[in-house]
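Note: the block below is start.txt and it holds compact mmCIF, C-alpha atoms.
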```txt
# COMPACT_ATOMS: atom_id res chain seq x y z
CA MET A 167 -3.24 6.59 -31.21
CA PRO A 168 -2.73 9.60 -28.97
CA THR A 169 -1.43 8.70 -25.56
CA ILE A 170 -1.44 10.54 -22.27
CA VAL A 171 1.82 9.99 -20.43
CA VAL A 172 1.86 10.22 -16.64
CA GLU A 173 5.16 10.29 -14.78
CA VAL A 174 5.36 9.61 -11.06
CA MET A 175 8.44 9.89 -8.82
CA PRO A 176 9.07 9.14 -5.17
CA LYS A 177 8.94 12.33 -3.11
CA PRO A 178 12.38 13.92 -2.64
CA GLU A 179 12.22 13.44 1.14
CA ILE A 180 11.32 9.75 0.84
CA LEU A 181 14.22 7.33 0.66
CA ASP A 182 14.27 5.41 -2.60
CA PRO A 183 15.78 2.02 -1.73
CA GLN A 184 15.46 0.77 -5.31
CA GLY A 185 17.26 3.78 -6.75
CA LYS A 186 19.98 3.37 -4.14
CA ALA A 187 20.48 -0.28 -5.09
CA ILE A 188 20.70 0.65 -8.78
CA ALA A 189 23.23 3.40 -7.99
CA ASN A 190 25.33 0.88 -6.09
CA ALA A 191 25.21 -1.58 -9.00
CA LEU A 192 26.10 0.84 -11.80
CA PRO A 193 29.86 0.89 -11.03
CA HIS A 194 29.94 -2.90 -11.47
CA LEU A 195 29.41 -2.31 -15.20
CA GLY A 196 31.87 0.54 -15.30
CA PHE A 197 29.31 3.35 -15.03
CA THR A 198 31.09 5.46 -12.47
CA GLY A 199 29.87 8.92 -13.43
CA PHE A 200 26.51 8.85 -11.63
CA SER A 201 26.37 9.80 -7.96
CA SER A 202 22.76 8.77 -7.31
CA VAL A 203 19.69 7.24 -8.95
CA ARG A 204 16.00 7.69 -8.25
CA GLN A 205 13.51 5.31 -9.80
CA GLY A 206 10.01 6.40 -10.80
CA LYS A 207 7.11 5.20 -12.91
CA ARG A 208 5.76 6.11 -16.33
CA PHE A 209 2.17 5.29 -17.30
CA GLU A 210 0.89 5.43 -20.89
CA LEU A 211 -2.86 5.95 -21.12
CA THR A 212 -4.05 5.25 -24.66
CA VAL A 213 -6.99 7.25 -25.97
CA ASP A 214 -9.34 6.22 -28.79
CA GLY A 215 -9.74 9.43 -30.74
CA GLU A 216 -8.89 12.94 -29.72
CA VAL A 217 -7.44 13.96 -26.38
CA THR A 218 -9.95 16.50 -25.10
CA GLU A 219 -9.31 18.84 -22.19
CA GLU A 220 -11.91 16.79 -20.31
CA LEU A 221 -9.95 13.55 -20.89
CA LEU A 222 -6.72 15.24 -19.89
CA GLU A 223 -8.36 16.47 -16.71
CA SER A 224 -9.59 12.98 -15.86
CA ALA A 225 -6.05 11.68 -16.48
CA ARG A 226 -4.76 14.26 -14.00
CA THR A 227 -7.35 13.11 -11.48
CA ALA A 228 -6.46 9.43 -12.03
CA ALA A 229 -2.79 10.32 -11.64
CA ALA A 230 -3.43 12.05 -8.35
CA GLU A 231 -5.91 9.56 -6.88
CA MET A 232 -4.76 6.17 -8.16
CA LEU A 233 -1.55 6.16 -10.20
CA SER A 234 0.31 7.89 -7.37
CA ASN A 235 0.14 7.75 -3.59
CA PRO A 236 0.50 11.34 -2.35
CA VAL A 237 2.07 10.13 0.90
CA ILE A 238 5.17 8.84 -0.89
CA GLU A 239 5.00 10.01 -4.51
CA ASP A 240 4.60 13.13 -6.67
CA VAL A 241 2.98 13.31 -10.09
CA VAL A 242 5.70 15.15 -11.99
CA SER A 243 3.98 15.41 -15.38
CA VAL A 244 0.81 14.61 -17.32
CA THR A 245 1.46 15.18 -21.02
CA VAL A 246 0.07 14.18 -24.42
CA ALA A 247 2.27 12.17 -26.79
CA GLU A 248 0.89 11.87 -30.33
CA ASP A 249 3.09 9.18 -31.85
CA LEU A 250 4.18 6.44 -29.51
CA MET B 1304 -9.84 -26.41 22.35
CA THR B 1305 -6.90 -27.23 20.14
CA ALA B 1306 -7.40 -30.98 20.37
CA GLU B 1307 -10.75 -30.71 18.61
CA THR B 1308 -9.57 -28.26 15.99
CA PRO B 1309 -8.53 -29.72 12.64
CA LEU B 1310 -5.10 -28.49 11.62
CA ILE B 1311 -6.20 -27.63 8.11
CA GLY B 1312 -9.42 -27.48 6.23
CA ASP B 1313 -12.70 -26.62 7.88
CA HIS B 1314 -12.53 -23.35 9.78
CA THR B 1315 -16.19 -23.01 10.60
CA ALA B 1316 -16.60 -22.39 14.29
CA PRO B 1317 -18.80 -24.72 16.30
CA GLU B 1318 -21.94 -22.78 17.22
CA THR B 1319 -21.75 -24.15 20.75
CA SER B 1320 -19.02 -21.72 21.80
CA PRO B 1321 -20.40 -19.06 24.14
CA LEU B 1322 -18.45 -16.41 22.25
CA ALA B 1323 -19.34 -17.68 18.79
CA GLY B 1324 -21.64 -14.69 18.52
CA ALA B 1325 -18.64 -12.58 17.49
CA ARG B 1326 -18.64 -12.96 13.72
CA ILE B 1327 -15.43 -11.74 12.16
CA GLY B 1328 -15.11 -11.37 8.40
CA VAL B 1329 -11.86 -12.34 6.68
CA VAL B 1330 -11.50 -10.83 3.20
CA THR B 1331 -9.95 -12.75 0.32
CA PHE B 1332 -8.57 -10.74 -2.60
CA PRO B 1333 -6.87 -12.27 -5.64
CA GLY B 1334 -3.36 -12.95 -4.32
CA THR B 1335 -4.28 -13.06 -0.63
CA LEU B 1336 -2.24 -15.75 1.16
CA ASP B 1337 -3.04 -15.68 4.85
CA ASP B 1338 -6.84 -15.69 4.86
CA ARG B 1339 -7.04 -19.28 6.08
CA ASP B 1340 -4.56 -18.62 8.87
CA ALA B 1341 -6.47 -15.50 9.91
CA ALA B 1342 -9.77 -17.41 9.91
CA ARG B 1343 -8.20 -20.14 12.00
CA ALA B 1344 -6.82 -17.57 14.43
CA VAL B 1345 -10.30 -16.09 14.80
CA ARG B 1346 -11.69 -19.47 15.71
CA LEU B 1347 -8.87 -20.24 18.14
CA GLY B 1348 -9.61 -16.85 19.67
CA GLY B 1349 -13.20 -17.88 20.27
CA GLY B 1350 -14.94 -16.14 17.37
CA THR B 1351 -16.68 -17.24 14.20
CA PRO B 1352 -14.76 -16.52 11.00
CA VAL B 1353 -16.86 -15.46 8.02
CA PRO B 1354 -15.21 -15.59 4.58
CA LEU B 1355 -15.70 -12.35 2.63
CA TRP B 1356 -15.00 -12.06 -1.10
CA HIS B 1357 -13.37 -9.00 -2.65
CA ALA B 1358 -15.86 -8.74 -5.49
CA GLU B 1359 -18.95 -8.56 -3.25
CA ASP B 1360 -19.89 -5.42 -1.40
CA ALA B 1361 -21.82 -7.36 1.26
CA LEU B 1362 -20.25 -7.86 4.68
CA HIS B 1363 -22.93 -10.39 5.69
CA GLY B 1364 -23.53 -8.70 9.02
CA VAL B 1365 -20.08 -9.35 10.49
CA ASP B 1366 -19.06 -7.58 13.71
CA ALA B 1367 -15.47 -6.91 12.60
CA VAL B 1368 -13.26 -7.41 9.55
CA ILE B 1369 -9.71 -8.66 9.03
CA LEU B 1370 -7.75 -7.82 5.87
CA PRO B 1371 -5.15 -10.61 5.83
CA GLY B 1372 -1.65 -10.73 4.41
CA GLY B 1373 -0.50 -11.74 0.97
CA PHE B 1374 0.14 -10.06 -2.34
CA SER B 1375 -3.24 -8.78 -3.51
CA TYR B 1376 -3.14 -8.17 -7.27
CA GLY B 1377 0.52 -9.16 -7.24
CA ASP B 1378 1.43 -5.87 -5.54
CA TYR B 1379 0.88 -4.26 -8.97
CA LEU B 1380 1.04 -0.45 -9.02
CA ARG B 1381 1.79 -0.31 -5.26
CA ALA B 1382 1.19 -2.89 -2.53
CA GLY B 1383 -2.53 -2.71 -1.73
CA ALA B 1384 -3.27 -0.02 -4.32
CA ILE B 1385 -5.59 -2.07 -6.52
CA ALA B 1386 -7.29 -3.99 -3.71
CA ARG B 1387 -8.28 -0.68 -2.17
CA PHE B 1388 -10.80 -0.21 -5.03
CA ALA B 1389 -12.47 -3.64 -4.63
CA PRO B 1390 -16.24 -3.56 -4.00
CA VAL B 1391 -15.84 -5.06 -0.52
CA MET B 1392 -13.52 -2.18 0.40
CA ASN B 1393 -16.19 0.41 -0.43
CA THR B 1394 -18.41 -1.09 2.25
CA ILE B 1395 -15.56 -1.49 4.73
CA ILE B 1396 -14.44 2.13 4.24
CA THR B 1397 -18.00 3.35 4.82
CA GLU B 1398 -18.62 1.22 7.91
CA ALA B 1399 -15.18 1.77 9.44
CA GLY B 1400 -15.65 5.50 9.09
CA ALA B 1401 -19.28 5.54 10.28
CA VAL B 1402 -19.89 8.61 12.40
CA ALA B 1403 -23.01 7.32 14.10
CA GLY B 1404 -22.84 4.41 16.54
CA SER B 1405 -19.84 2.14 16.83
CA PRO B 1406 -17.65 2.08 13.74
CA LEU B 1407 -16.67 -1.32 12.36
CA PRO B 1408 -13.47 -2.72 13.93
CA VAL B 1409 -10.98 -3.47 11.14
CA LEU B 1410 -7.57 -5.13 11.40
CA GLY B 1411 -5.10 -5.07 8.52
CA ILE B 1412 -2.16 -7.47 8.67
CA CYS B 1413 0.84 -6.91 6.38
CA ASN B 1414 -0.74 -6.49 2.92
CA GLY B 1415 -3.96 -5.70 4.78
CA PHE B 1416 -2.15 -2.81 6.52
CA GLN B 1417 -0.93 -1.62 3.13
CA ILE B 1418 -4.50 -1.75 1.80
CA LEU B 1419 -5.73 0.30 4.79
CA THR B 1420 -3.15 3.03 4.12
CA GLU B 1421 -4.04 3.08 0.43
CA ALA B 1422 -7.70 3.37 1.45
CA HIS B 1423 -6.77 6.32 3.72
CA LEU B 1424 -8.26 4.55 6.73
CA LEU B 1425 -4.78 4.70 8.29
CA PRO B 1426 -2.07 7.35 7.77
CA GLY B 1427 1.30 6.81 6.15
CA SER B 1428 2.45 4.25 3.63
CA MET B 1429 4.89 1.37 3.22
CA ILE B 1430 7.92 1.41 0.93
CA LYS B 1431 10.61 -1.21 0.33
CA ASN B 1432 12.66 -2.31 3.32
CA ASP B 1433 15.72 -0.06 3.65
CA HIS B 1434 18.03 -3.09 3.22
CA LEU B 1435 16.08 -4.18 0.10
CA LYS B 1436 15.82 -7.79 1.23
CA PHE B 1437 12.72 -9.83 1.84
CA THR B 1438 12.49 -10.21 5.61
CA CYS B 1439 11.31 -13.44 7.24
CA ARG B 1440 11.93 -13.66 10.97
CA ASP B 1441 10.35 -13.79 14.39
CA GLN B 1442 10.02 -10.20 15.57
CA VAL B 1443 9.67 -8.74 19.07
CA LEU B 1444 7.07 -5.97 19.34
CA ARG B 1445 6.00 -3.69 22.17
CA VAL B 1446 2.25 -3.16 22.54
CA GLU B 1447 1.90 0.55 23.29
CA ASN B 1448 -1.85 1.06 22.95
CA THR B 1449 -4.27 -1.30 24.69
CA GLU B 1450 -7.35 0.86 24.08
CA THR B 1451 -8.23 -0.59 20.68
CA ALA B 1452 -10.70 -3.43 20.18
CA TRP B 1453 -7.83 -5.52 18.85
CA THR B 1454 -5.39 -4.99 21.74
CA SER B 1455 -7.62 -4.67 24.81
CA GLN B 1456 -6.35 -7.84 26.47
CA PHE B 1457 -2.65 -6.95 26.25
CA THR B 1458 -0.98 -5.15 29.14
CA GLN B 1459 0.56 -1.75 28.40
CA ASN B 1460 4.08 -2.11 26.96
CA GLU B 1461 3.78 -5.90 26.85
CA LEU B 1462 6.47 -7.50 24.69
CA ILE B 1463 5.25 -10.06 22.19
CA THR B 1464 6.96 -12.16 19.53
CA VAL B 1465 5.25 -12.86 16.20
CA PRO B 1466 6.54 -13.73 12.72
CA MET B 1467 7.19 -11.03 10.14
CA LYS B 1468 7.63 -11.60 6.40
CA ASN B 1469 7.60 -8.83 3.84
CA GLN B 1470 9.51 -6.80 1.29
CA ASP B 1471 7.58 -3.52 1.49
CA GLY B 1472 7.62 -3.12 5.26
CA GLN B 1473 9.24 0.26 5.80
CA TYR B 1474 6.61 2.56 7.34
CA VAL B 1475 6.89 6.16 6.16
CA VAL B 1476 4.76 9.14 7.10
CA ASP B 1477 5.18 12.91 6.99
CA ASP B 1478 6.62 14.58 10.10
CA ALA B 1479 3.43 16.37 11.13
CA THR B 1480 1.40 13.15 11.02
CA LEU B 1481 4.20 11.28 12.79
CA HIS B 1482 4.11 13.77 15.66
CA ALA B 1483 0.32 13.51 15.82
CA LEU B 1484 0.52 9.70 15.94
CA GLU B 1485 3.03 9.83 18.79
CA ASP B 1486 1.23 12.59 20.73
CA GLN B 1487 -2.14 10.83 20.47
CA GLY B 1488 -0.76 7.41 21.43
CA ARG B 1489 -1.75 5.96 18.09
CA VAL B 1490 1.40 3.87 17.67
CA VAL B 1491 -0.04 0.49 18.65
CA PHE B 1492 2.97 -1.75 17.97
CA ARG B 1493 6.64 -0.78 17.88
CA TYR B 1494 9.64 -2.89 16.83
CA VAL B 1495 11.97 -3.78 19.71
CA GLY B 1496 15.69 -4.16 19.05
CA ALA B 1497 17.47 -3.32 15.81
CA SER B 1498 15.13 -1.84 13.20
CA PRO B 1499 14.07 -4.63 10.83
CA ASN B 1500 13.25 -2.34 7.89
CA GLY B 1501 13.98 1.35 8.57
CA SER B 1502 10.43 2.26 9.60
CA LYS B 1503 9.94 5.77 11.03
CA ASN B 1504 10.26 5.67 14.83
CA ASP B 1505 10.35 1.85 14.59
CA ILE B 1506 6.60 1.85 14.01
CA ALA B 1507 5.17 -1.63 13.34
CA GLY B 1508 1.48 -0.79 13.64
CA VAL B 1509 -0.85 2.19 14.08
CA THR B 1510 -4.50 2.96 14.69
CA ASN B 1511 -6.91 5.63 13.48
CA GLU B 1512 -8.22 8.47 15.67
CA ARG B 1513 -11.21 6.48 16.91
CA GLY B 1514 -9.19 3.34 17.56
CA ASN B 1515 -11.38 0.97 15.56
CA VAL B 1516 -8.97 0.51 12.65
CA VAL B 1517 -5.57 -1.09 13.38
CA GLY B 1518 -2.87 -2.10 10.94
CA LEU B 1519 0.47 -3.84 11.50
CA MET B 1520 3.13 -5.38 9.31
CA PRO B 1521 4.00 -8.47 11.42
CA HIS B 1522 1.71 -11.51 11.52
CA PRO B 1523 -0.07 -12.28 14.81
CA GLU B 1524 -2.19 -14.92 13.05
CA HIS B 1525 0.95 -17.05 12.65
CA ALA B 1526 1.51 -17.16 16.42
CA VAL B 1527 -1.72 -18.59 17.78
CA GLU B 1528 -1.04 -22.24 18.40
CA ALA B 1529 1.71 -24.06 20.30
CA GLY B 1530 3.83 -26.09 17.90
CA TYR B 1531 3.31 -23.74 14.97
CA GLY B 1532 4.48 -20.34 16.22
CA PRO B 1533 7.78 -18.64 17.06
CA ASP B 1534 10.17 -20.24 19.54
CA ASP B 1535 9.57 -19.09 23.10
CA ALA B 1536 10.62 -19.88 26.66
CA THR B 1537 8.34 -22.90 26.88
CA GLY B 1538 9.70 -24.59 23.78
CA LEU B 1539 10.42 -24.61 20.09
CA ARG B 1540 7.59 -23.05 18.03
CA ASP B 1541 5.43 -22.72 21.12
CA GLY B 1542 4.87 -18.95 20.95
CA THR B 1543 1.21 -17.95 20.90
CA ASP B 1544 1.54 -14.22 21.60
CA GLY B 1545 -0.55 -13.33 18.55
CA LEU B 1546 -3.64 -15.03 19.92
CA THR B 1547 -4.36 -12.09 22.24
CA ILE B 1548 -5.25 -9.94 19.20
CA PHE B 1549 -8.07 -12.31 18.37
CA THR B 1550 -9.27 -12.94 21.92
CA SER B 1551 -9.23 -9.17 22.42
CA VAL B 1552 -11.61 -8.44 19.56
CA VAL B 1553 -13.90 -11.35 20.43
CA SER B 1554 -14.03 -10.15 24.03
CA SER B 1555 -14.63 -6.54 22.98
CA LEU B 1556 -17.46 -7.54 20.66
CA THR B 1557 -19.17 -9.81 23.15
CA GLY B 1558 -19.00 -7.26 25.94
CA GLY B 1559 -16.15 -8.88 27.80
CA ASN B 1560 -13.36 -7.20 29.71
CA ALA B 1561 -12.51 -4.78 26.93
```

Any chance you could give the structure as structure tokens?
Amino acid sequence: MPTIVVEVMPKPEILDPQGKAIANALPHLGFTGFSSVRQGKRFELTVDGEVTEELLESARTAAAEMLSNPVIEDVVSVTVAEDL
Amino acid sequence: MTAETPLIGDHTAPETSPLAGARIGVVTFPGTLDDRDAARAVRLGGGTPVPLWHAEDALHGVDAVILPGGFSYGDYLRAGAIARFAPVMNTIITEAGAVAGSPLPVLGICNGFQILTEAHLLPGSMIKNDHLKFTCRDQVLRVENTETAWTSQFTQNELITVPMKNQDGQYVVDDATLHALEDQGRVVFRYVGASPNGSKNDIAGVTNERGNVVGLMPHPEHAVEAGYGPDDATGLRDGTDGLTIFTSVVSSLTGGNA
């Protein structure tokens, strides 16, 4: 089944408390090479049949109007993945 | 009034109250927690609570609407993000934004505030508290706008204490909107003392340009009855500062001293 993948991240200027907590916890397991972490979201929209330009466009609209909140988040990508 | 009010259960207002004409809808979404408390606060404030259901678009002729606290749809996607698309919200968004006549007064408490920002009825958004902990405490607020239907009976800069309990309580908004909110006096409630969650400018609650829609993170509906509220000078759990929100809207709607 083809799948449209939408990735959403907190805006750069918005503090990401979850990412900060993860960054603080990483050294506890010995992962000391990472200076910061930001946590986002990935949505997989499954399509029955072919991904048309029309479907892709409606995925972009859904990403902008529902899957993300433009006040705090950016849609960083809307892509098609054939074999998930 | 309190002596005749059952502590739990029936929250239908007696029709004999002179102010019972103010009918205030309280919306229940899947995952709403504080709808009964909000309905009870409406009645203690002199109004008639009307239960509204998320899946119906009818508002049953109510004069105002409260979106209560809780975790609608389990906070899935973002707090308030799914509830914003419920049928009842379509009607509320239309009536709250009505250009002609008086727009519907709407109050969003906690998750209700989050729903109002997701619905774009109020600016900004809420993210996780900067300290990452769930907060549950009695919180002092300053009332900085007494022009709204929901705050008309407060005095300017009055300090009130009401409970606050949330995880996603940090108010964020872009700088331009923040300046507009401050310049236009649209910060209705501001945290007093150390910031409880990292909110921009210590903002606890805001209103829209017309002043009919108000949202706040703390819970005035949990501070409406002596014995069940925050501690105050008169005794343990005797704080009833939140009641003024509900008497304000009832008074505004019934042509009182708004």

Inset, instruction - Excluding A:Ser224 and any residue of its chain fewer than 4 positions from it, enumerate the residues within 12 Å of it, using only C-alpha atoms, and give them as a VMD selection string. - result: chain A and resid 170 172 211 213 217 to 220 228 to 233 244

Legend entry - Atom pair atom CA of B:Leu1370 / atom CA of B:Val1552: separation (Å): 14.2 Å

List the neighbours of B:Glu1528 out to 10 Å using only C-alpha atoms; skip same-chain residues closer than 5 positions along the sequence, and give me the result as a PDB file with C-alpha atoms, keeping the file's coordinate frame.
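Result saved to around22.pdb:
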```
ATOM      1  CA  THR B1305      -6.900 -27.230  20.140  1.00  0.00           C
ATOM      2  CA  ARG B1343      -8.200 -20.140  12.000  1.00  0.00           C
ATOM      3  CA  ALA B1344      -6.820 -17.570  14.430  1.00  0.00           C
ATOM      4  CA  LEU B1347      -8.870 -20.240  18.140  1.00  0.00           C
ATOM      5  CA  PRO B1533       7.780 -18.640  17.060  1.00  0.00           C
ATOM      6  CA  ARG B1540       7.590 -23.050  18.030  1.00  0.00           C
ATOM      7  CA  ASP B1541       5.430 -22.720  21.120  1.00  0.00           C
ATOM      8  CA  GLY B1542       4.870 -18.950  20.950  1.00  0.00           C
ATOM      9  CA  THR B1543       1.210 -17.950  20.900  1.00  0.00           C
ATOM     10  CA  ASP B1544       1.540 -14.220  21.600  1.00  0.00           C
ATOM     11  CA  GLY B1545      -0.550 -13.330  18.550  1.00  0.00           C
ATOM     12  CA  LEU B1546      -3.640 -15.030  19.920  1.00  0.00           C
TER      13      LEU B1546
END
```

Inset, instruction - Please identify all polymer residues within 6 Å of A:Val174, counting all atoms listed in the file, omitting same-chain residues fewer than 6 positions from it, and present them as a ChimeraX atom specification. - result: /A:206-207,240-242

Inset, instruction - Compute the chain B side of the contact with chain A at 10 Å, counting all atoms listed in the file, and hand it back as a VMD selection string. - result: chain B and resid 1380 to 1381 1384 to 1385 1387 to 1388 1420 to 1421 1426 to 1435 1475 to 1477 1501

Inset, instruction - With a distance cut-off of 10 Å and all atoms listed in the file, select the neighbouring residues of B:Asp1366, excluding the residue or stretch itself and same-chain residues fewer than 2 positions from it, and output the selection as a VMD selection string. - result: chain B and resid 1324 to 1328 1351 1353 1362 to 1364 1368 1406 to 1409 1552 to 1553 1556 to 1557

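Among the candidate residues A:Thr198, A:Asn190, A:Thr227, A:Gln205, the one lying nearest to A:Met175 is A:Gln205, with distances computed using all atoms listed in the file.
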
Inset, instruction - Find the residues with any atom within 8 Å of (-3.0, -5.2, 0.9); use all atoms listed in the file and the coordinates as given in the file, and write the answer as a PyMOL selection string. - result: chain B and resi 1370-1375+1378+1382-1384+1386-1387+1411+1413-1419

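Atom to atom, atom CA of B:Thr1397 and atom CA of B:Glu1447 stand 27.3 Å apart.
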
Legend entry - Nearby residues (only C-alpha atoms) at most 9 Å from B:Val1446, same-chain spacing under 3 positions excluded, as number ranges by chain: B: 1449, 1454, 1457-1463, 1490-1493

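Of note, atom CA of B:Phe1549 and atom CA of B:Pro1352 are spaced 10.8 Å apart.
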
Inset, instruction - Neighbourhood query: residues within 6 Å of (0.7, 12.5, -24.0), file coordinates, counting only C-alpha atoms; return as a ChimeraX atom specification. - result: /A:169-171,245-247

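Nearest to B:Met1520 of all the residues B:Asp1534, B:Asp1486, B:Asp1471, B:Asp1478 is B:Asp1471, based on only C-alpha atoms.
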